[in-house]
>>> print(open('final.txt').read())   # compact mmCIF, N, CA and C atoms
# COMPACT_ATOMS: atom_id res chain seq x y z
N MET A 196 2.22 21.01 -7.55
CA MET A 196 0.94 20.91 -6.88
C MET A 196 0.84 21.96 -5.77
N ASP A 197 1.88 22.00 -4.89
CA ASP A 197 1.94 23.03 -3.85
C ASP A 197 3.39 23.22 -3.44
N ASP A 198 3.65 23.91 -2.34
CA ASP A 198 5.03 24.21 -1.94
C ASP A 198 5.84 22.97 -1.54
N SER A 199 5.16 21.87 -1.21
CA SER A 199 5.90 20.69 -0.74
C SER A 199 5.67 19.44 -1.58
N SER A 200 5.05 19.59 -2.77
CA SER A 200 4.85 18.41 -3.62
C SER A 200 4.78 18.80 -5.09
N ALA A 201 5.10 17.82 -5.94
CA ALA A 201 5.07 18.02 -7.39
C ALA A 201 4.66 16.71 -8.05
N ARG A 202 3.96 16.82 -9.17
CA ARG A 202 3.55 15.65 -9.93
C ARG A 202 4.32 15.66 -11.24
N ALA A 203 4.83 14.48 -11.63
CA ALA A 203 5.56 14.34 -12.90
C ALA A 203 5.03 13.12 -13.63
N THR A 204 4.89 13.26 -14.95
CA THR A 204 4.46 12.13 -15.78
C THR A 204 5.60 11.78 -16.73
N ILE A 205 5.96 10.50 -16.73
CA ILE A 205 7.02 9.98 -17.59
C ILE A 205 6.35 9.13 -18.66
N LYS A 206 6.70 9.38 -19.93
CA LYS A 206 6.12 8.61 -21.03
C LYS A 206 7.22 7.95 -21.84
N ASP A 207 6.96 6.71 -22.24
CA ASP A 207 7.86 5.96 -23.11
C ASP A 207 6.98 5.20 -24.10
N GLY A 208 6.92 5.71 -25.33
CA GLY A 208 6.02 5.10 -26.31
C GLY A 208 4.59 5.23 -25.83
N GLY A 209 3.88 4.12 -25.75
CA GLY A 209 2.49 4.13 -25.30
C GLY A 209 2.33 3.94 -23.81
N VAL A 210 3.43 3.86 -23.06
CA VAL A 210 3.38 3.64 -21.62
C VAL A 210 3.57 4.97 -20.90
N SER A 211 2.74 5.22 -19.90
CA SER A 211 2.80 6.47 -19.15
C SER A 211 2.73 6.16 -17.66
N LEU A 212 3.53 6.86 -16.85
CA LEU A 212 3.53 6.68 -15.39
C LEU A 212 3.56 8.05 -14.74
N THR A 213 2.63 8.30 -13.82
CA THR A 213 2.59 9.56 -13.09
C THR A 213 3.05 9.32 -11.66
N LEU A 214 3.99 10.15 -11.21
CA LEU A 214 4.55 10.05 -9.86
C LEU A 214 4.25 11.32 -9.08
N LEU A 215 4.01 11.17 -7.78
CA LEU A 215 3.84 12.30 -6.88
C LEU A 215 5.09 12.36 -6.00
N PHE A 216 5.80 13.48 -6.05
CA PHE A 216 6.99 13.70 -5.23
C PHE A 216 6.62 14.60 -4.07
N ARG A 217 7.02 14.22 -2.86
CA ARG A 217 6.83 15.07 -1.68
C ARG A 217 8.19 15.46 -1.14
N PHE A 218 8.34 16.73 -0.81
CA PHE A 218 9.61 17.28 -0.37
C PHE A 218 9.58 17.58 1.12
N GLY A 219 10.73 17.37 1.79
CA GLY A 219 10.87 17.69 3.20
C GLY A 219 11.15 19.17 3.38
N ALA A 220 11.25 19.60 4.62
CA ALA A 220 11.53 21.00 4.95
C ALA A 220 12.87 21.44 4.38
N ASP A 221 13.78 20.49 4.14
CA ASP A 221 15.11 20.80 3.58
C ASP A 221 15.08 20.94 2.05
N GLY A 222 13.89 20.70 1.43
CA GLY A 222 13.76 20.82 -0.02
C GLY A 222 14.13 19.57 -0.78
N LEU A 223 14.57 18.53 -0.09
CA LEU A 223 14.95 17.27 -0.74
C LEU A 223 13.74 16.35 -0.88
N VAL A 224 13.76 15.48 -1.88
CA VAL A 224 12.67 14.53 -2.06
C VAL A 224 12.63 13.60 -0.85
N ALA A 225 11.48 13.54 -0.19
CA ALA A 225 11.31 12.68 0.97
C ALA A 225 10.55 11.41 0.61
N GLU A 226 9.57 11.53 -0.30
CA GLU A 226 8.73 10.40 -0.67
C GLU A 226 8.36 10.49 -2.15
N VAL A 227 8.15 9.32 -2.75
CA VAL A 227 7.66 9.22 -4.12
C VAL A 227 6.53 8.20 -4.11
N HIS A 228 5.42 8.53 -4.79
CA HIS A 228 4.25 7.65 -4.80
C HIS A 228 3.70 7.52 -6.22
N ALA A 229 3.33 6.30 -6.59
CA ALA A 229 2.62 6.04 -7.85
C ALA A 229 1.33 5.32 -7.49
N ASP A 230 0.21 5.77 -8.06
CA ASP A 230 -1.07 5.11 -7.79
C ASP A 230 -1.09 3.68 -8.30
N ALA A 231 -0.43 3.45 -9.43
CA ALA A 231 -0.42 2.11 -9.99
C ALA A 231 0.84 1.88 -10.81
N ARG A 232 1.42 0.73 -10.65
CA ARG A 232 2.55 0.30 -11.46
C ARG A 232 2.49 -1.21 -11.56
N CYS A 233 3.13 -1.77 -12.58
CA CYS A 233 3.09 -3.22 -12.80
C CYS A 233 3.89 -3.95 -11.74
N GLY A 234 3.34 -5.02 -11.25
CA GLY A 234 4.04 -5.87 -10.30
C GLY A 234 3.60 -7.31 -10.50
N MET A 235 4.38 -8.23 -10.02
CA MET A 235 4.06 -9.65 -10.16
C MET A 235 3.35 -10.15 -8.90
N LEU A 236 2.25 -10.82 -9.10
CA LEU A 236 1.53 -11.50 -8.03
C LEU A 236 1.46 -12.95 -8.46
N GLY A 237 2.41 -13.74 -7.96
CA GLY A 237 2.58 -15.10 -8.47
C GLY A 237 3.10 -15.02 -9.89
N ASN A 238 2.38 -15.59 -10.84
CA ASN A 238 2.76 -15.54 -12.26
C ASN A 238 1.95 -14.52 -13.05
N THR A 239 1.21 -13.67 -12.35
CA THR A 239 0.33 -12.71 -13.00
C THR A 239 0.84 -11.28 -12.80
N VAL A 240 0.83 -10.49 -13.87
CA VAL A 240 1.17 -9.07 -13.78
C VAL A 240 -0.08 -8.31 -13.37
N VAL A 241 0.02 -7.54 -12.29
CA VAL A 241 -1.11 -6.75 -11.79
C VAL A 241 -0.66 -5.31 -11.55
N MET A 242 -1.62 -4.40 -11.59
CA MET A 242 -1.33 -3.01 -11.26
C MET A 242 -1.57 -2.81 -9.77
N MET A 243 -0.61 -2.16 -9.09
CA MET A 243 -0.75 -1.92 -7.66
C MET A 243 -0.01 -0.63 -7.29
N PRO A 244 -0.39 -0.02 -6.17
CA PRO A 244 0.28 1.22 -5.76
C PRO A 244 1.73 0.97 -5.37
N TRP A 245 2.54 2.03 -5.44
CA TRP A 245 3.97 1.95 -5.11
C TRP A 245 4.33 3.20 -4.32
N PHE A 246 5.08 3.04 -3.24
CA PHE A 246 5.46 4.14 -2.37
C PHE A 246 6.90 3.95 -1.92
N CYS A 247 7.72 5.00 -1.99
CA CYS A 247 9.11 4.92 -1.58
C CYS A 247 9.46 6.12 -0.71
N ARG A 248 10.08 5.84 0.43
CA ARG A 248 10.58 6.88 1.33
C ARG A 248 12.08 7.00 1.11
N MET A 249 12.57 8.19 0.75
CA MET A 249 13.98 8.43 0.45
C MET A 249 14.72 8.96 1.68
N SER A 250 16.01 8.59 1.79
CA SER A 250 16.81 9.10 2.92
C SER A 250 18.30 8.97 2.60
N GLN A 251 19.11 9.37 3.52
CA GLN A 251 20.57 9.30 3.45
C GLN A 251 21.10 9.90 2.14
N TYR A 252 20.93 11.19 2.01
CA TYR A 252 21.41 11.90 0.82
C TYR A 252 22.92 12.08 0.88
N ARG A 253 23.57 11.90 -0.26
CA ARG A 253 25.02 12.12 -0.40
C ARG A 253 25.27 12.94 -1.65
N ARG A 254 26.34 13.70 -1.62
CA ARG A 254 26.70 14.52 -2.76
C ARG A 254 27.41 13.65 -3.81
N GLN A 255 26.88 13.65 -5.03
CA GLN A 255 27.45 12.90 -6.15
C GLN A 255 27.52 13.85 -7.35
N HIS A 256 28.72 14.15 -7.82
CA HIS A 256 28.90 15.02 -8.99
C HIS A 256 28.16 16.35 -8.82
N GLY A 257 28.22 16.91 -7.61
CA GLY A 257 27.62 18.20 -7.35
C GLY A 257 26.13 18.18 -7.03
N MET A 258 25.51 17.01 -6.99
CA MET A 258 24.08 16.90 -6.68
C MET A 258 23.89 16.06 -5.43
N LEU A 259 22.86 16.38 -4.65
CA LEU A 259 22.49 15.53 -3.53
C LEU A 259 21.56 14.43 -4.04
N VAL A 260 21.97 13.18 -3.80
CA VAL A 260 21.26 12.02 -4.33
C VAL A 260 20.90 11.10 -3.17
N PRO A 261 19.65 10.61 -3.10
CA PRO A 261 19.32 9.67 -2.03
C PRO A 261 19.99 8.33 -2.29
N VAL A 262 20.63 7.78 -1.28
CA VAL A 262 21.28 6.48 -1.42
C VAL A 262 20.53 5.38 -0.68
N MET A 263 19.42 5.77 -0.04
CA MET A 263 18.59 4.79 0.66
C MET A 263 17.13 5.06 0.30
N GLY A 264 16.43 4.01 -0.02
CA GLY A 264 15.00 4.11 -0.28
C GLY A 264 14.30 2.90 0.31
N GLU A 265 13.20 3.16 0.98
CA GLU A 265 12.40 2.08 1.58
C GLU A 265 11.08 2.03 0.80
N VAL A 266 10.84 0.91 0.11
CA VAL A 266 9.67 0.76 -0.74
C VAL A 266 8.58 -0.02 -0.02
N PHE A 267 7.36 0.48 -0.15
CA PHE A 267 6.18 -0.17 0.48
C PHE A 267 5.20 -0.58 -0.60
>>> encode(input="final.txt", output="structure tokens")
Amino acid sequence: MDDSSARATIKDGGVSLTLLFRFGADGLVAEVHADARCGMLGNTVVMMPWFCRMSQYRRQHGMLVPVMGEVF
């Protein structure tokens, strides 16, 4: 999308999910957002937004991987 964000769509059969990734000044993923994803509201499945803030990156098998995520 621009220098600090990217959009990715994941498909599995007939199910599709689009995520927006935002990157920090260090180039690491800072946030991930989905406009809608399935969630439970009582006993009912509803579509609702999903947002995760990533932090505490550690090196795993040569890659920096976030080990902490705060979901809203």
>>> residues_around(input="final.txt", residues="Pro244 of chain A", least_positions_apart="6", cutoff="8 Å", atoms="only C-alpha atoms", output="VMD selection string")
chain A and resid 228 to 232
>>> atom_distance(input="final.txt", atom1="atom N of Met263 of chain A", atom2="atom CA of Phe218 of chain A")
15.1 Å
>>> atom_distance(input="final.txt", atom1="atom N of Leu236 of chain A", atom2="atom C of Lys206 of chain A")
23.2 Å
>>> atom_distance(input="final.txt", atom1="atom C of Leu223 of chain A", atom2="atom N of Asp207 of chain A")
24.4 Å
>>> residues_around(input="final.txt", residues="Ser250 of chain A", least_positions_apart="3", cutoff="8 Å", atoms="only N, CA and C atoms", output="NGL selection string")
:A and (224-226 or 247 or 253 or 260-265)
>>> select_by_dssp(input="final.txt", residues="chain A", states="strand (DSSP E)", output="compact mmCIF listing (two decimals) with N, CA and C atoms, in the coordinates of the input")
# COMPACT_ATOMS: atom_id res chain seq x y z
N SER A 200 5.05 19.59 -2.77
CA SER A 200 4.85 18.41 -3.62
C SER A 200 4.78 18.80 -5.09
N ALA A 201 5.10 17.82 -5.94
CA ALA A 201 5.07 18.02 -7.39
C ALA A 201 4.66 16.71 -8.05
N ARG A 202 3.96 16.82 -9.17
CA ARG A 202 3.55 15.65 -9.93
C ARG A 202 4.32 15.66 -11.24
N ALA A 203 4.83 14.48 -11.63
CA ALA A 203 5.56 14.34 -12.90
C ALA A 203 5.03 13.12 -13.63
N THR A 204 4.89 13.26 -14.95
CA THR A 204 4.46 12.13 -15.78
C THR A 204 5.60 11.78 -16.73
N ILE A 205 5.96 10.50 -16.73
CA ILE A 205 7.02 9.98 -17.59
C ILE A 205 6.35 9.13 -18.66
N LYS A 206 6.70 9.38 -19.93
CA LYS A 206 6.12 8.61 -21.03
C LYS A 206 7.22 7.95 -21.84
N ASP A 207 6.96 6.71 -22.24
CA ASP A 207 7.86 5.96 -23.11
C ASP A 207 6.98 5.20 -24.10
N VAL A 210 3.43 3.86 -23.06
CA VAL A 210 3.38 3.64 -21.62
C VAL A 210 3.57 4.97 -20.90
N SER A 211 2.74 5.22 -19.90
CA SER A 211 2.80 6.47 -19.15
C SER A 211 2.73 6.16 -17.66
N LEU A 212 3.53 6.86 -16.85
CA LEU A 212 3.53 6.68 -15.39
C LEU A 212 3.56 8.05 -14.74
N THR A 213 2.63 8.30 -13.82
CA THR A 213 2.59 9.56 -13.09
C THR A 213 3.05 9.32 -11.66
N LEU A 214 3.99 10.15 -11.21
CA LEU A 214 4.55 10.05 -9.86
C LEU A 214 4.25 11.32 -9.08
N LEU A 215 4.01 11.17 -7.78
CA LEU A 215 3.84 12.30 -6.88
C LEU A 215 5.09 12.36 -6.00
N PHE A 216 5.80 13.48 -6.05
CA PHE A 216 6.99 13.70 -5.23
C PHE A 216 6.62 14.60 -4.07
N ARG A 217 7.02 14.22 -2.86
CA ARG A 217 6.83 15.07 -1.68
C ARG A 217 8.19 15.46 -1.14
N PHE A 218 8.34 16.73 -0.81
CA PHE A 218 9.61 17.28 -0.37
C PHE A 218 9.58 17.58 1.12
N VAL A 224 13.76 15.48 -1.88
CA VAL A 224 12.67 14.53 -2.06
C VAL A 224 12.63 13.60 -0.85
N ALA A 225 11.48 13.54 -0.19
CA ALA A 225 11.31 12.68 0.97
C ALA A 225 10.55 11.41 0.61
N GLU A 226 9.57 11.53 -0.30
CA GLU A 226 8.73 10.40 -0.67
C GLU A 226 8.36 10.49 -2.15
N VAL A 227 8.15 9.32 -2.75
CA VAL A 227 7.66 9.22 -4.12
C VAL A 227 6.53 8.20 -4.11
N HIS A 228 5.42 8.53 -4.79
CA HIS A 228 4.25 7.65 -4.80
C HIS A 228 3.70 7.52 -6.22
N ALA A 229 3.33 6.30 -6.59
CA ALA A 229 2.62 6.04 -7.85
C ALA A 229 1.33 5.32 -7.49
N ASP A 230 0.21 5.77 -8.06
CA ASP A 230 -1.07 5.11 -7.79
C ASP A 230 -1.09 3.68 -8.30
N ALA A 231 -0.43 3.45 -9.43
CA ALA A 231 -0.42 2.11 -9.99
C ALA A 231 0.84 1.88 -10.81
N ARG A 232 1.42 0.73 -10.65
CA ARG A 232 2.55 0.30 -11.46
C ARG A 232 2.49 -1.21 -11.56
N CYS A 233 3.13 -1.77 -12.58
CA CYS A 233 3.09 -3.22 -12.80
C CYS A 233 3.89 -3.95 -11.74
N GLY A 234 3.34 -5.02 -11.25
CA GLY A 234 4.04 -5.87 -10.30
C GLY A 234 3.60 -7.31 -10.50
N MET A 235 4.38 -8.23 -10.02
CA MET A 235 4.06 -9.65 -10.16
C MET A 235 3.35 -10.15 -8.90
N LEU A 236 2.25 -10.82 -9.10
CA LEU A 236 1.53 -11.50 -8.03
C LEU A 236 1.46 -12.95 -8.46
N THR A 239 1.21 -13.67 -12.35
CA THR A 239 0.33 -12.71 -13.00
C THR A 239 0.84 -11.28 -12.80
N VAL A 240 0.83 -10.49 -13.87
CA VAL A 240 1.17 -9.07 -13.78
C VAL A 240 -0.08 -8.31 -13.37
N VAL A 241 0.02 -7.54 -12.29
CA VAL A 241 -1.11 -6.75 -11.79
C VAL A 241 -0.66 -5.31 -11.55
N MET A 242 -1.62 -4.40 -11.59
CA MET A 242 -1.33 -3.01 -11.26
C MET A 242 -1.57 -2.81 -9.77
N MET A 243 -0.61 -2.16 -9.09
CA MET A 243 -0.75 -1.92 -7.66
C MET A 243 -0.01 -0.63 -7.29
N PRO A 244 -0.39 -0.02 -6.17
CA PRO A 244 0.28 1.22 -5.76
C PRO A 244 1.73 0.97 -5.37
N TRP A 245 2.54 2.03 -5.44
CA TRP A 245 3.97 1.95 -5.11
C TRP A 245 4.33 3.20 -4.32
N PHE A 246 5.08 3.04 -3.24
CA PHE A 246 5.46 4.14 -2.37
C PHE A 246 6.90 3.95 -1.92
N CYS A 247 7.72 5.00 -1.99
CA CYS A 247 9.11 4.92 -1.58
C CYS A 247 9.46 6.12 -0.71
N ARG A 248 10.08 5.84 0.43
CA ARG A 248 10.58 6.88 1.33
C ARG A 248 12.08 7.00 1.11
N MET A 249 12.57 8.19 0.75
CA MET A 249 13.98 8.43 0.45
C MET A 249 14.72 8.96 1.68
N SER A 250 16.01 8.59 1.79
CA SER A 250 16.81 9.10 2.92
C SER A 250 18.30 8.97 2.60
N GLN A 251 19.11 9.37 3.52
CA GLN A 251 20.57 9.30 3.45
C GLN A 251 21.10 9.90 2.14
N TYR A 252 20.93 11.19 2.01
CA TYR A 252 21.41 11.90 0.82
C TYR A 252 22.92 12.08 0.88
N ARG A 253 23.57 11.90 -0.26
CA ARG A 253 25.02 12.12 -0.40
C ARG A 253 25.27 12.94 -1.65
N ARG A 254 26.34 13.70 -1.62
CA ARG A 254 26.70 14.52 -2.76
C ARG A 254 27.41 13.65 -3.81
N GLN A 255 26.88 13.65 -5.03
CA GLN A 255 27.45 12.90 -6.15
C GLN A 255 27.52 13.85 -7.35
N MET A 258 25.51 17.01 -6.99
CA MET A 258 24.08 16.90 -6.68
C MET A 258 23.89 16.06 -5.43
N LEU A 259 22.86 16.38 -4.65
CA LEU A 259 22.49 15.53 -3.53
C LEU A 259 21.56 14.43 -4.04
N VAL A 260 21.97 13.18 -3.80
CA VAL A 260 21.26 12.02 -4.33
C VAL A 260 20.90 11.10 -3.17
N PRO A 261 19.65 10.61 -3.10
CA PRO A 261 19.32 9.67 -2.03
C PRO A 261 19.99 8.33 -2.29
N VAL A 262 20.63 7.78 -1.28
CA VAL A 262 21.28 6.48 -1.42
C VAL A 262 20.53 5.38 -0.68
N MET A 263 19.42 5.77 -0.04
CA MET A 263 18.59 4.79 0.66
C MET A 263 17.13 5.06 0.30
N GLY A 264 16.43 4.01 -0.02
CA GLY A 264 15.00 4.11 -0.28
C GLY A 264 14.30 2.90 0.31
N GLU A 265 13.20 3.16 0.98
CA GLU A 265 12.40 2.08 1.58
C GLU A 265 11.08 2.03 0.80
N VAL A 266 10.84 0.91 0.11
CA VAL A 266 9.67 0.76 -0.74
C VAL A 266 8.58 -0.02 -0.02
>>> residues_around(input="final.txt", residues="Thr213 of chain A", least_positions_apart="3", cutoff="5 Å", atoms="only N, CA and C atoms", output="PyMOL selection string")
chain A and resi 203-205
